[in-house]
$ cat structure.txt   # compact mmCIF, C-alpha atoms
# COMPACT_ATOMS: atom_id res chain seq x y z
CA MET A 1 -12.39 16.49 3.04
CA SER A 2 -15.19 14.31 4.38
CA ALA A 3 -18.56 14.04 2.72
CA ALA A 4 -19.92 16.22 5.52
CA GLY A 5 -18.14 19.20 4.02
CA GLN A 6 -19.27 18.51 0.47
CA ASN A 7 -22.96 17.60 0.57
CA PRO A 8 -25.84 20.04 0.62
CA ALA A 9 -27.44 21.01 3.89
CA VAL A 10 -29.64 18.45 5.58
CA ARG A 11 -32.65 20.22 6.96
CA PRO A 12 -34.81 18.66 9.67
CA ASN A 13 -38.34 17.67 8.70
CA THR A 14 -39.86 20.12 11.20
CA PRO A 15 -37.98 23.44 11.40
CA ALA A 16 -36.84 24.38 14.91
CA PRO A 17 -38.08 27.76 16.20
CA ARG A 18 -34.45 28.82 16.54
CA PRO A 19 -31.11 27.21 15.74
CA LEU A 20 -30.37 24.63 18.42
CA LYS A 21 -27.01 24.68 20.17
CA ILE A 22 -25.47 21.21 20.30
CA ALA A 23 -22.28 20.00 22.00
CA MET A 24 -20.62 16.70 21.09
CA ILE A 25 -18.32 15.00 23.59
CA GLY A 26 -16.57 11.64 23.33
CA HIS A 27 -14.52 11.58 20.12
CA LYS A 28 -10.76 12.06 19.95
CA ARG A 29 -10.27 14.66 17.27
CA VAL A 30 -12.12 16.15 14.30
CA PRO A 31 -11.04 16.31 11.57
CA GLY A 32 -9.35 12.93 11.89
CA ARG A 33 -11.04 9.64 11.11
CA GLU A 34 -9.14 7.53 13.65
CA GLY A 35 -12.13 5.33 14.43
CA GLY A 36 -15.85 4.90 14.03
CA VAL A 37 -16.73 7.49 16.67
CA GLU A 38 -14.70 10.15 14.88
CA VAL A 39 -16.30 9.32 11.53
CA VAL A 40 -19.81 9.63 12.97
CA VAL A 41 -19.07 12.93 14.73
CA GLU A 42 -17.42 14.38 11.62
CA GLU A 43 -20.21 13.38 9.27
CA LEU A 44 -23.00 14.61 11.55
CA ALA A 45 -21.30 17.86 12.54
CA GLY A 46 -20.92 19.14 8.99
CA ARG A 47 -24.47 18.29 8.00
CA LEU A 48 -26.07 19.67 11.16
CA SER A 49 -24.03 22.88 10.90
CA ALA A 50 -25.16 23.31 7.30
CA ALA A 51 -28.74 22.85 8.47
CA GLY A 52 -28.46 25.80 10.87
CA TYR A 53 -27.51 24.03 14.09
CA ALA A 54 -24.78 25.65 16.21
CA VAL A 55 -22.50 22.66 16.80
CA THR A 56 -19.50 22.58 19.13
CA LEU A 57 -17.10 19.65 19.09
CA TYR A 58 -14.94 18.97 22.15
CA ASN A 59 -11.64 17.59 20.83
CA ARG A 60 -9.02 15.87 22.98
CA ALA A 61 -5.62 17.53 23.09
CA ALA A 62 -2.61 15.47 22.04
CA ARG A 63 1.04 16.37 21.75
CA GLY A 64 2.01 17.33 18.24
CA MET A 65 -1.58 17.37 16.98
CA PRO A 66 -3.15 20.53 15.49
CA ARG A 67 -5.81 22.43 17.43
CA PRO A 68 -8.27 23.74 14.86
CA LYS A 69 -10.93 26.24 15.87
CA GLN A 70 -13.62 25.05 13.46
CA TYR A 71 -14.49 22.33 10.98
CA ALA A 72 -17.21 22.34 8.32
CA GLY A 73 -19.11 25.08 10.17
CA ALA A 74 -18.77 23.51 13.62
CA ARG A 75 -16.81 25.20 16.42
CA ILE A 76 -14.04 23.17 18.04
CA VAL A 77 -12.93 23.42 21.66
CA THR A 78 -9.76 21.48 22.49
CA VAL A 79 -9.71 20.00 25.98
CA PRO A 80 -6.53 18.97 27.84
CA THR A 81 -6.19 15.39 29.01
CA ILE A 82 -3.58 12.77 29.93
CA ASN A 83 -2.30 10.46 27.21
CA LYS A 84 -2.88 7.32 29.27
CA LYS A 85 -5.46 4.72 28.26
CA SER A 86 -7.06 4.36 31.69
CA LEU A 87 -7.43 8.12 32.36
CA ASP A 88 -7.68 9.78 28.96
CA ALA A 89 -11.45 9.59 28.51
CA VAL A 90 -12.15 10.22 32.21
CA ILE A 91 -10.28 13.50 32.44
CA TYR A 92 -11.24 14.71 28.98
CA SER A 93 -14.97 14.08 29.37
CA PHE A 94 -15.03 15.63 32.87
CA LEU A 95 -13.34 18.85 31.70
CA ALA A 96 -15.40 18.97 28.50
CA THR A 97 -18.62 18.59 30.50
CA LEU A 98 -17.61 21.36 32.89
CA HIS A 99 -16.91 23.66 29.96
CA ALA A 100 -20.17 22.72 28.25
CA ILE A 101 -22.17 23.44 31.41
CA PHE A 102 -20.46 26.50 32.86
CA LEU A 103 -18.36 28.22 30.17
CA SER A 104 -20.22 27.79 26.91
CA GLY A 105 -23.23 30.00 27.32
CA GLY A 106 -25.46 26.95 27.38
CA TYR A 107 -26.41 24.18 24.97
CA ASP A 108 -29.84 22.85 24.12
CA VAL A 109 -28.45 19.29 24.04
CA ILE A 110 -25.13 17.76 25.06
CA HIS A 111 -24.53 14.68 22.91
CA TYR A 112 -22.16 12.08 24.37
CA HIS A 113 -20.51 9.45 22.16
CA ALA A 114 -19.38 6.04 23.48
CA LEU A 115 -19.72 4.51 26.93
CA GLY A 116 -16.66 5.88 28.74
CA PRO A 117 -17.25 9.61 28.12
CA SER A 118 -20.95 9.10 28.89
CA VAL A 119 -20.25 8.61 32.59
CA MET A 120 -20.17 12.42 32.77
CA LEU A 121 -23.66 12.55 31.28
CA ALA A 122 -24.84 12.01 34.87
CA LEU A 123 -23.31 15.33 35.89
CA ALA A 124 -24.98 17.15 32.99
CA HIS A 125 -28.31 15.53 33.83
CA LEU A 126 -28.11 16.35 37.53
CA LEU A 127 -27.44 19.98 36.64
CA GLY A 128 -30.54 20.11 34.47
CA ARG A 129 -29.04 19.80 30.98
CA HIS A 130 -30.73 17.91 28.17
CA THR A 131 -28.63 15.03 26.92
CA ALA A 132 -28.35 12.44 24.17
CA ALA A 133 -25.96 9.51 23.96
CA THR A 134 -24.80 7.27 21.13
CA VAL A 135 -23.75 3.74 22.06
CA HIS A 136 -21.19 2.85 19.41
CA GLY A 137 -20.76 -0.63 20.87
CA LEU A 138 -20.57 -2.47 24.18
CA ASP A 139 -16.99 -1.37 24.71
CA TRP A 140 -16.46 -3.24 27.97
CA GLN A 141 -16.39 -6.46 25.92
CA ARG A 142 -13.22 -5.38 24.16
CA ALA A 143 -10.03 -7.23 25.05
CA LYS A 144 -7.90 -4.15 25.76
CA TRP A 145 -9.84 -3.11 28.86
CA GLY A 146 -8.78 -4.34 32.28
CA GLY A 147 -10.64 -4.32 35.58
CA PHE A 148 -11.08 -0.57 36.14
CA GLY A 149 -11.60 0.18 32.45
CA SER A 150 -14.28 -2.48 32.08
CA TRP A 151 -16.03 -1.32 35.27
CA TYR A 152 -15.96 2.30 34.13
CA LEU A 153 -17.41 1.45 30.74
CA LYS A 154 -20.24 -0.52 32.34
CA LEU A 155 -20.88 2.48 34.58
CA GLY A 156 -21.21 4.62 31.46
CA GLU A 157 -23.71 2.15 30.05
CA LYS A 158 -25.81 2.34 33.23
CA VAL A 159 -25.67 6.14 33.25
CA ILE A 160 -26.90 6.24 29.66
CA ALA A 161 -29.75 3.84 30.39
CA ARG A 162 -30.88 5.80 33.44
CA TYR A 163 -30.29 9.46 32.64
CA ALA A 164 -30.00 10.17 28.90
CA ASP A 165 -33.00 11.94 27.40
CA GLU A 166 -32.42 10.09 24.11
CA VAL A 167 -30.28 7.04 23.35
CA ILE A 168 -28.98 6.13 19.89
CA VAL A 169 -27.68 2.63 19.08
CA LEU A 170 -25.95 1.38 15.95
CA SER A 171 -27.24 -2.18 15.85
CA GLU A 172 -30.42 -4.11 16.53
CA GLY A 173 -28.47 -6.32 18.92
CA VAL A 174 -27.55 -3.40 21.17
CA ARG A 175 -31.14 -2.14 21.02
CA GLU A 176 -32.33 -5.53 22.26
CA TYR A 177 -29.61 -5.55 24.93
CA PHE A 178 -30.72 -2.21 26.40
CA ALA A 179 -34.36 -3.27 26.32
CA GLN A 180 -33.69 -6.60 28.05
CA THR A 181 -31.05 -5.41 30.53
CA TYR A 182 -32.46 -2.02 31.54
CA GLY A 183 -35.97 -1.86 30.11
CA ARG A 184 -34.74 1.18 28.20
CA SER A 185 -36.05 2.09 24.77
CA THR A 186 -33.48 3.34 22.26
CA THR A 187 -33.39 4.62 18.69
CA PHE A 188 -31.55 2.68 16.00
CA LEU A 189 -29.78 5.09 13.64
CA PRO A 190 -27.34 3.40 11.27
CA ASN A 191 -24.07 4.84 10.09
CA GLY A 192 -23.95 5.97 6.51
CA VAL A 193 -21.58 5.92 3.58
CA GLU A 194 -21.18 8.16 0.56
CA PRO A 195 -20.19 7.24 -3.01
CA GLN A 196 -16.61 7.93 -4.00
CA PRO A 197 -15.25 8.81 -7.43
CA PRO A 198 -13.42 6.00 -9.24
CA ALA A 199 -9.96 5.36 -7.82
CA PRO A 200 -7.90 3.22 -10.21
CA PRO A 201 -4.75 1.64 -8.75
CA ALA A 202 -2.13 4.38 -8.88
CA LEU A 203 -0.74 4.92 -5.38
CA ILE A 204 -1.05 1.24 -4.51
CA ARG A 205 0.75 0.29 -7.72
CA GLN A 206 3.50 2.77 -6.95
CA GLN A 207 3.95 1.68 -3.34
CA TRP A 208 3.35 -2.08 -3.46
CA GLY A 209 3.04 -3.07 -7.10
CA LEU A 210 -0.69 -3.83 -6.76
CA ALA A 211 -2.62 -3.80 -10.02
CA GLY A 212 -6.14 -4.36 -8.66
CA GLY A 213 -7.89 -7.67 -8.03
CA ASP A 214 -4.61 -9.17 -6.80
CA TYR A 215 -4.99 -8.75 -3.04
CA LEU A 216 -7.24 -9.37 -0.07
CA LEU A 217 -7.94 -6.39 2.18
CA PHE A 218 -8.22 -6.00 5.94
CA LEU A 219 -9.09 -2.37 6.74
CA ALA A 220 -9.70 -1.63 10.42
CA ARG A 221 -8.01 -0.60 13.64
CA ILE A 222 -5.33 -3.02 14.79
CA VAL A 223 -6.99 -4.20 17.99
CA PRO A 224 -7.69 -7.76 19.22
CA GLU A 225 -11.45 -7.62 18.76
CA LYS A 226 -11.09 -7.01 15.01
CA GLY A 227 -9.68 -10.54 14.67
CA LEU A 228 -6.68 -9.78 12.48
CA HIS A 229 -4.71 -12.56 14.20
CA TYR A 230 -7.29 -15.08 12.98
CA LEU A 231 -6.89 -13.80 9.43
CA LEU A 232 -3.10 -13.95 9.46
CA GLU A 233 -3.14 -17.50 10.78
CA ALA A 234 -5.76 -18.59 8.24
CA TYR A 235 -3.96 -16.88 5.36
CA LYS A 236 -0.75 -18.83 6.07
CA GLY A 237 -2.24 -22.04 4.70
CA LEU A 238 -4.05 -20.41 1.80
CA GLU A 239 -3.16 -21.54 -1.71
CA THR A 240 -3.14 -18.23 -3.55
CA ASP A 241 -0.78 -15.76 -5.12
CA LYS A 242 -2.99 -12.89 -3.98
CA LYS A 243 -1.39 -10.72 -1.35
CA LEU A 244 -2.99 -9.73 1.95
CA VAL A 245 -3.00 -5.98 2.60
CA VAL A 246 -3.45 -4.97 6.25
CA ALA A 247 -4.49 -1.31 6.44
CA GLY A 248 -4.89 0.13 9.91
CA GLY A 249 -3.07 1.82 12.74
CA ASP A 250 -1.99 0.51 16.13
CA SER A 251 -4.57 1.47 18.76
CA HIS A 252 -2.37 1.08 21.86
CA SER A 253 -3.48 -2.46 22.68
CA GLY A 254 -0.40 -3.51 24.61
CA ASP A 255 1.57 -6.33 22.99
CA TYR A 256 -1.00 -7.00 20.26
CA TRP A 257 0.69 -4.91 17.57
CA PRO A 258 4.11 -6.57 18.07
CA MET A 259 2.37 -9.94 17.80
CA ILE A 260 0.73 -8.87 14.52
CA GLN A 261 4.11 -7.72 13.19
CA ARG A 262 5.63 -11.10 14.00
CA LEU A 263 2.79 -13.00 12.32
CA ALA A 264 2.97 -10.78 9.24
CA ALA A 265 6.74 -11.27 8.97
CA GLU A 266 6.20 -15.02 8.63
CA ASP A 267 4.55 -14.62 5.21
CA SER A 268 6.12 -12.50 2.47
CA ARG A 269 2.72 -12.06 0.82
CA VAL A 270 1.48 -9.86 3.72
CA ILE A 271 1.71 -6.08 3.30
CA LEU A 272 1.42 -3.92 6.43
CA ALA A 273 0.18 -0.71 4.84
CA GLY A 274 -0.37 1.31 8.03
CA PHE A 275 -3.22 3.76 8.53
CA ALA A 276 -4.92 4.52 5.21
CA ALA A 277 -6.98 7.59 4.42
CA GLY A 278 -8.02 9.70 1.48
CA GLN A 279 -6.97 8.55 -1.99
CA LEU A 280 -4.92 5.63 -0.66
CA LYS A 281 -7.89 4.25 1.25
CA ALA A 282 -10.18 4.71 -1.77
CA GLU A 283 -7.78 2.79 -4.00
CA LEU A 284 -7.38 -0.03 -1.51
CA LEU A 285 -11.13 -0.43 -1.12
CA GLN A 286 -12.13 -0.18 -4.76
CA ASN A 287 -9.49 -2.53 -6.15
CA ALA A 288 -9.55 -5.38 -3.64
CA ALA A 289 -10.41 -8.89 -4.75
CA LEU A 290 -11.97 -9.56 -1.35
CA TYR A 291 -12.61 -7.51 1.79
CA VAL A 292 -12.28 -9.53 5.01
CA LEU A 293 -13.57 -8.56 8.47
CA PRO A 294 -12.99 -11.40 10.99
CA SER A 295 -14.07 -9.42 14.08
CA ASP A 296 -15.29 -10.79 17.39
CA ILE A 297 -17.03 -7.55 18.41
CA GLU A 298 -18.43 -4.63 16.39
CA GLY A 299 -20.66 -1.61 16.73
CA MET A 300 -21.50 -0.82 13.12
CA PRO A 301 -18.38 -1.37 10.99
CA ILE A 302 -18.04 1.61 8.67
CA SER A 303 -15.25 0.00 6.67
CA LEU A 304 -17.61 -2.88 5.80
CA LEU A 305 -20.21 -0.37 4.62
CA GLU A 306 -17.56 1.34 2.51
CA ALA A 307 -16.40 -1.91 0.94
CA MET A 308 -19.97 -2.92 0.16
CA ARG A 309 -20.68 0.52 -1.33
CA CYS A 310 -17.73 -0.08 -3.67
CA GLY A 311 -19.28 -3.38 -4.79
CA VAL A 312 -16.34 -5.40 -3.44
CA PRO A 313 -16.99 -9.05 -2.42
CA CYS A 314 -16.96 -9.33 1.38
CA LEU A 315 -16.22 -12.12 3.85
CA VAL A 316 -17.13 -11.48 7.50
CA SER A 317 -17.41 -13.27 10.81
CA ASP A 318 -20.94 -14.33 11.64
CA ILE A 319 -21.62 -11.87 14.48
CA PRO A 320 -25.00 -10.11 14.09
CA GLU A 321 -23.48 -6.65 13.60
CA ASN A 322 -21.67 -7.91 10.48
CA THR A 323 -24.31 -10.21 9.04
CA GLN A 324 -27.12 -7.65 9.43
CA LEU A 325 -25.18 -5.24 7.24
CA LEU A 326 -24.25 -7.91 4.73
CA GLY A 327 -27.84 -8.95 4.09
CA ARG A 328 -28.07 -11.28 1.09
CA PHE A 329 -24.59 -10.39 -0.08
CA GLY A 330 -21.11 -11.62 0.74
CA ALA A 331 -20.06 -14.71 2.69
CA ARG A 332 -19.75 -15.59 6.37
CA PHE A 333 -17.68 -17.86 8.60
CA ALA A 334 -17.91 -18.94 12.23
CA LYS A 335 -16.42 -16.27 14.50
CA GLY A 336 -12.99 -17.13 15.90
CA ASP A 337 -12.63 -20.37 13.91
CA ILE A 338 -9.36 -20.22 11.97
CA GLU A 339 -10.02 -23.37 9.95
CA ALA A 340 -13.48 -22.15 9.00
CA LEU A 341 -11.97 -18.83 7.95
CA ARG A 342 -9.31 -20.53 5.82
CA THR A 343 -11.94 -22.67 4.09
CA ALA A 344 -14.16 -19.61 3.51
CA LEU A 345 -11.24 -17.62 2.13
CA GLN A 346 -10.35 -20.33 -0.36
CA ALA A 347 -13.97 -20.69 -1.43
CA ALA A 348 -14.43 -16.92 -1.82
CA LEU A 349 -11.33 -16.63 -3.98
CA GLU A 350 -12.39 -19.51 -6.22
CA ASN A 351 -16.03 -18.44 -6.40
CA PRO A 352 -16.53 -14.80 -5.26
CA PRO A 353 -19.66 -14.23 -3.14
CA PRO A 354 -22.52 -11.99 -4.37
CA ALA A 355 -21.40 -8.37 -4.70
CA GLY A 356 -21.05 -5.84 -7.52
CA PRO A 357 -23.57 -3.13 -8.49
CA PRO A 358 -26.57 -4.76 -6.73
CA GLN A 359 -24.64 -4.72 -3.44
CA ALA A 360 -23.58 -1.10 -3.95
CA GLU A 361 -27.18 -0.08 -4.70
CA TYR A 362 -28.45 -1.90 -1.60
CA ILE A 363 -26.08 0.12 0.58
CA ARG A 364 -26.95 3.37 -1.20
CA GLN A 365 -30.64 2.87 -0.47
CA HIS A 366 -30.33 1.84 3.16
CA TYR A 367 -27.32 3.65 4.64
CA SER A 368 -27.29 7.41 4.09
CA TRP A 369 -25.57 10.02 6.25
CA ASN A 370 -28.16 12.55 5.11
CA GLU A 371 -31.01 10.42 6.46
CA THR A 372 -29.14 9.75 9.70
CA ALA A 373 -28.51 13.48 10.13
CA ARG A 374 -32.22 14.23 9.65
CA ALA A 375 -33.16 11.62 12.24
CA THR A 376 -30.54 12.93 14.66
CA ALA A 377 -31.92 16.45 14.28
CA ALA A 378 -35.39 15.21 15.17
CA LEU A 379 -33.97 13.36 18.16
CA TYR A 380 -32.32 16.57 19.41
CA ARG A 381 -35.65 18.36 19.30
CA ARG A 382 -37.24 15.58 21.34
CA ALA A 383 -34.40 15.62 23.86
CA ALA A 384 -34.77 19.40 24.25
CA GLY A 385 -38.54 19.10 24.65
CA LEU A 386 -39.25 20.87 21.35
CA GLY A 387 -40.77 18.07 19.33
$ encode --input "structure.txt" --output "structure tokens"
Amino acid sequence: MSAAGQNPAVRPNTPAPRPLKIAMIGHKRVPGREGGVEVVVEELAGRLSAAGYAVTLYNRAARGMPRPKQYAGARIVTVPTINKKSLDAVIYSFLATLHAIFLSGGYDVIHYHALGPSVMLALAHLLGRHTAATVHGLDWQRAKWGGFGSWYLKLGEKVIARYADEVIVLSEGVREYFAQTYGRSTTFLPNGVEPQPPAPPALIRQQWGLAGGDYLLFLARIVPEKGLHYLLEAYKGLETDKKLVVAGGDSHSGDYWPMIQRLAAEDSRVILAGFAAGQLKAELLQNAALYVLPSDIEGMPISLLEAMRCGVPCLVSDIPENTQLLGRFGARFAKGDIEALRTALQAALENPPPAGPPQAEYIRQHYSWNETARATAALYRRAAGLG
């Protein structure tokens, strides 16, 4: 169960005169931490529900997937859609918005997550509904989107800038982008991370013979913008007996996953662990010698927060979204530069970058889901004209 279902209620600073009704649209499924959007929705929903908010989550239907009615106090409505990359978010967000407007009994705020689903925020606005939107990243920059997909995502960005009552961003860079491009003010609310109980190497020892401290870890979705291909190429020439564990699922990025499989097959030290969650994920994070995130594009990488919270040494590409989280800890390399990554990997293995308890404490103090939930609650009141 996520931290949202375990922590005490997070009560807004100024009590609302009545419990607000909130709808969230844009994620795939909750519970199910398939990506950053799903993690954010899951963590916020449980805390806001515990605080007295009536939260409804609009899940996307998928063949063979369960259709729960509630999670951590939040109601779940499952919306049909088409399992096709170019139409999935369009159809889902349209039907979810129609339900939220006409069949729900009314919400105080409809909260859209990510650019694509936020196109339908225009419809909610034009019909007089209060709205909020979270920009998880500038998704049109991602390699998997073609002409229509990129255009549609940019449309969502413009809709958010023009019509949303409140806009949340996950990085200072995106806040600056909205200010410079649209003259739109936004609210920076970081993702959070919760402490985990110790997870000594048991499952990872059983499955792959890993004892802890004997592997590098990549933990992210297997998509081009995460830069896994750079890491595999750089790792080839690395003089180390430490294995490279790749933990993540294929995110339907065309021929990218087959390419990753071919690259991984060229080095017997590479372990393709698949999607990792729960105890397996905790063990992989806590026992890694080095966490590596070579991404070209990020929103706010939750897996980096989690690795830092575990005190694990981290090596990341030098994009602002990564380096702002890293602060004075970890090590960096020039984005997209395989030779620079190989050199940085070798250096980090020979002389690990700053990490340990001071890094974990830094994350604990600055990245809290409880604080983000409180700020989100206040933002809802502003969007609804109540605060």
$ atom_distance --input "structure.txt" --atom1 "atom CA of Arg382 of chain A" --atom2 "atom CA of Glu172 of chain A"
21.4 Å
$ closest_residue --input "structure.txt" --among "A:Gly36, A:Gly52, A:Pro68, A:Pro258" --to "Ala114 of chain A" --atoms "only C-alpha atoms"
A:Gly36
$ residues_around --input "structure.txt" --residues "Asn287 of chain A" --least-positions-apart "6" --cutoff "7 Å" --atoms "all atoms listed in the file" --output "ChimeraX atom specification"
/A:201,212-213
$ residues_around --input "structure.txt" --residues "segment 383-386 of chain A" --least-positions-apart "5" --cutoff "10 Å" --atoms "only C-alpha atoms" --output "list in words"
Ala16, Pro17, Leu20, Tyr107, Asp108, Val109, Ile110, His111, Arg129, His130, Thr131, Ala132, Ala164, Asp165, Glu166, Val167, Ala377 and Ala378 of chain A
$ closest_atom_pairs --input "structure.txt" --of "segment 198-268 of chain A" --to "segment 303-325 of chain A" --cutoff "10 Å" --atoms "all atoms listed in the file" --output "Markdown table"
| residue | atom | partner | partner_atom | distance |
| --- | --- | --- | --- | --- |
| A:Pro198 | CA | A:Cys310 | CA | 9.3 |
| A:Gly213 | CA | A:Val312 | CA | 9.9 |
| A:Leu216 | CA | A:Cys314 | CA | 9.8 |
| A:Leu217 | CA | A:Cys314 | CA | 9.5 |
| A:Phe218 | CA | A:Ser303 | CA | 9.3 |
| A:Leu219 | CA | A:Ser303 | CA | 6.6 |
| A:Ala220 | CA | A:Ser303 | CA | 6.9 |
| A:Lys226 | CA | A:Ser317 | CA | 9.8 |
| A:Gly227 | CA | A:Ser317 | CA | 9.1 |
$ residues_around --input "structure.txt" --residues "segment 354-370 of chain A" --least-positions-apart "4" --cutoff "10 Å" --atoms "only C-alpha atoms" --output "ChimeraX atom specification"
/A:3-4,7-11,40,43-44,47-48,189-195,305-314,325-331,348,374-376
$ closest_residue --input "structure.txt" --among "A:Leu123, A:Leu272, A:Leu153, A:Ile338" --to "Gln207 of chain A" --atoms "all atoms listed in the file"
A:Leu272
$ atom_distance --input "structure.txt" --atom1 "atom CA of Ala50 of chain A" --atom2 "atom CA of Gly73 of chain A"
6.9 Å
$ residues_around --input "structure.txt" --residues "Val79 of chain A" --least-positions-apart "5" --cutoff "7 Å" --atoms "only C-alpha atoms" --output "list in words"
Tyr58, Asn59, Arg60, Ala61, Tyr92, Leu95 and Ala96 of chain A
$ write_last_selection --input "structure.txt" --atoms "C-alpha atoms" --output "compact mmCIF listing (two decimals), keeping the file's coordinate frame"
# COMPACT_ATOMS: atom_id res chain seq x y z
CA TYR A 58 -14.94 18.97 22.15
CA ASN A 59 -11.64 17.59 20.83
CA ARG A 60 -9.02 15.87 22.98
CA ALA A 61 -5.62 17.53 23.09
CA TYR A 92 -11.24 14.71 28.98
CA LEU A 95 -13.34 18.85 31.70
CA ALA A 96 -15.40 18.97 28.50
$ residues_around --input "structure.txt" --residues "Leu121 of chain A" --least-positions-apart "4" --cutoff "8 Å" --atoms "all atoms listed in the file" --output "PyMOL selection string"
chain A and resi 97+112+117+125+131+159-160+163-164
$ build_atoms --input "structure.txt" --residues "segment 254-269 of chain A" --atoms "N, CA, C and O atoms" --output "CSV table (one decimal), in the coordinates of the input"
chain,number,residue,atom,x,y,z
A,254,GLY,N,-1.4,-2.8,23.9
A,254,GLY,CA,-0.4,-3.5,24.6
A,254,GLY,C,0.5,-4.2,23.6
A,254,GLY,O,1.1,-3.6,22.7
A,255,ASP,N,0.7,-5.6,23.8
A,255,ASP,CA,1.6,-6.3,23.0
A,255,ASP,C,0.9,-6.9,21.7
A,255,ASP,O,1.5,-7.7,21.1
A,256,TYR,N,-0.3,-6.4,21.4
A,256,TYR,CA,-1.0,-7.0,20.3
A,256,TYR,C,-0.3,-6.6,19.0
A,256,TYR,O,-0.1,-7.5,18.1
A,257,TRP,N,0.1,-5.3,18.8
A,257,TRP,CA,0.7,-4.9,17.6
A,257,TRP,C,2.0,-5.6,17.3
A,257,TRP,O,2.2,-6.1,16.2
A,258,PRO,N,2.9,-5.8,18.3
A,258,PRO,CA,4.1,-6.6,18.1
A,258,PRO,C,3.8,-8.0,17.7
A,258,PRO,O,4.5,-8.6,16.8
A,259,MET,N,2.8,-8.6,18.2
A,259,MET,CA,2.4,-9.9,17.8
A,259,MET,C,1.9,-10.0,16.3
A,259,MET,O,2.3,-10.9,15.6
A,260,ILE,N,1.2,-9.0,15.9
A,260,ILE,CA,0.7,-8.9,14.5
A,260,ILE,C,1.9,-8.7,13.6
A,260,ILE,O,2.0,-9.3,12.5
A,261,GLN,N,2.9,-7.9,14.0
A,261,GLN,CA,4.1,-7.7,13.2
A,261,GLN,C,4.9,-9.0,13.0
A,261,GLN,O,5.4,-9.3,11.9
A,262,ARG,N,4.9,-9.8,14.1
A,262,ARG,CA,5.6,-11.1,14.0
A,262,ARG,C,4.9,-12.1,13.1
A,262,ARG,O,5.5,-12.7,12.2
A,263,LEU,N,3.6,-12.1,13.2
A,263,LEU,CA,2.8,-13.0,12.3
A,263,LEU,C,2.9,-12.6,10.9
A,263,LEU,O,3.1,-13.4,10.0
A,264,ALA,N,2.9,-11.3,10.6
A,264,ALA,CA,3.0,-10.8,9.2
A,264,ALA,C,4.3,-11.1,8.6
A,264,ALA,O,4.4,-11.4,7.4
A,265,ALA,N,5.4,-11.0,9.5
A,265,ALA,CA,6.7,-11.3,9.0
A,265,ALA,C,6.9,-12.7,8.5
A,265,ALA,O,7.9,-13.0,7.8
A,266,GLU,N,6.1,-13.6,9.0
A,266,GLU,CA,6.2,-15.0,8.6
A,266,GLU,C,5.7,-15.3,7.2
A,266,GLU,O,5.9,-16.5,6.7
A,267,ASP,N,5.1,-14.4,6.6
A,267,ASP,CA,4.6,-14.6,5.2
A,267,ASP,C,4.9,-13.4,4.3
A,267,ASP,O,4.4,-12.3,4.6
A,268,SER,N,5.7,-13.6,3.3
A,268,SER,CA,6.1,-12.5,2.5
A,268,SER,C,5.0,-11.9,1.6
A,268,SER,O,5.1,-10.8,1.1
A,269,ARG,N,3.8,-12.6,1.6
A,269,ARG,CA,2.7,-12.1,0.8
A,269,ARG,C,1.9,-11.0,1.6
A,269,ARG,O,1.1,-10.3,1.0
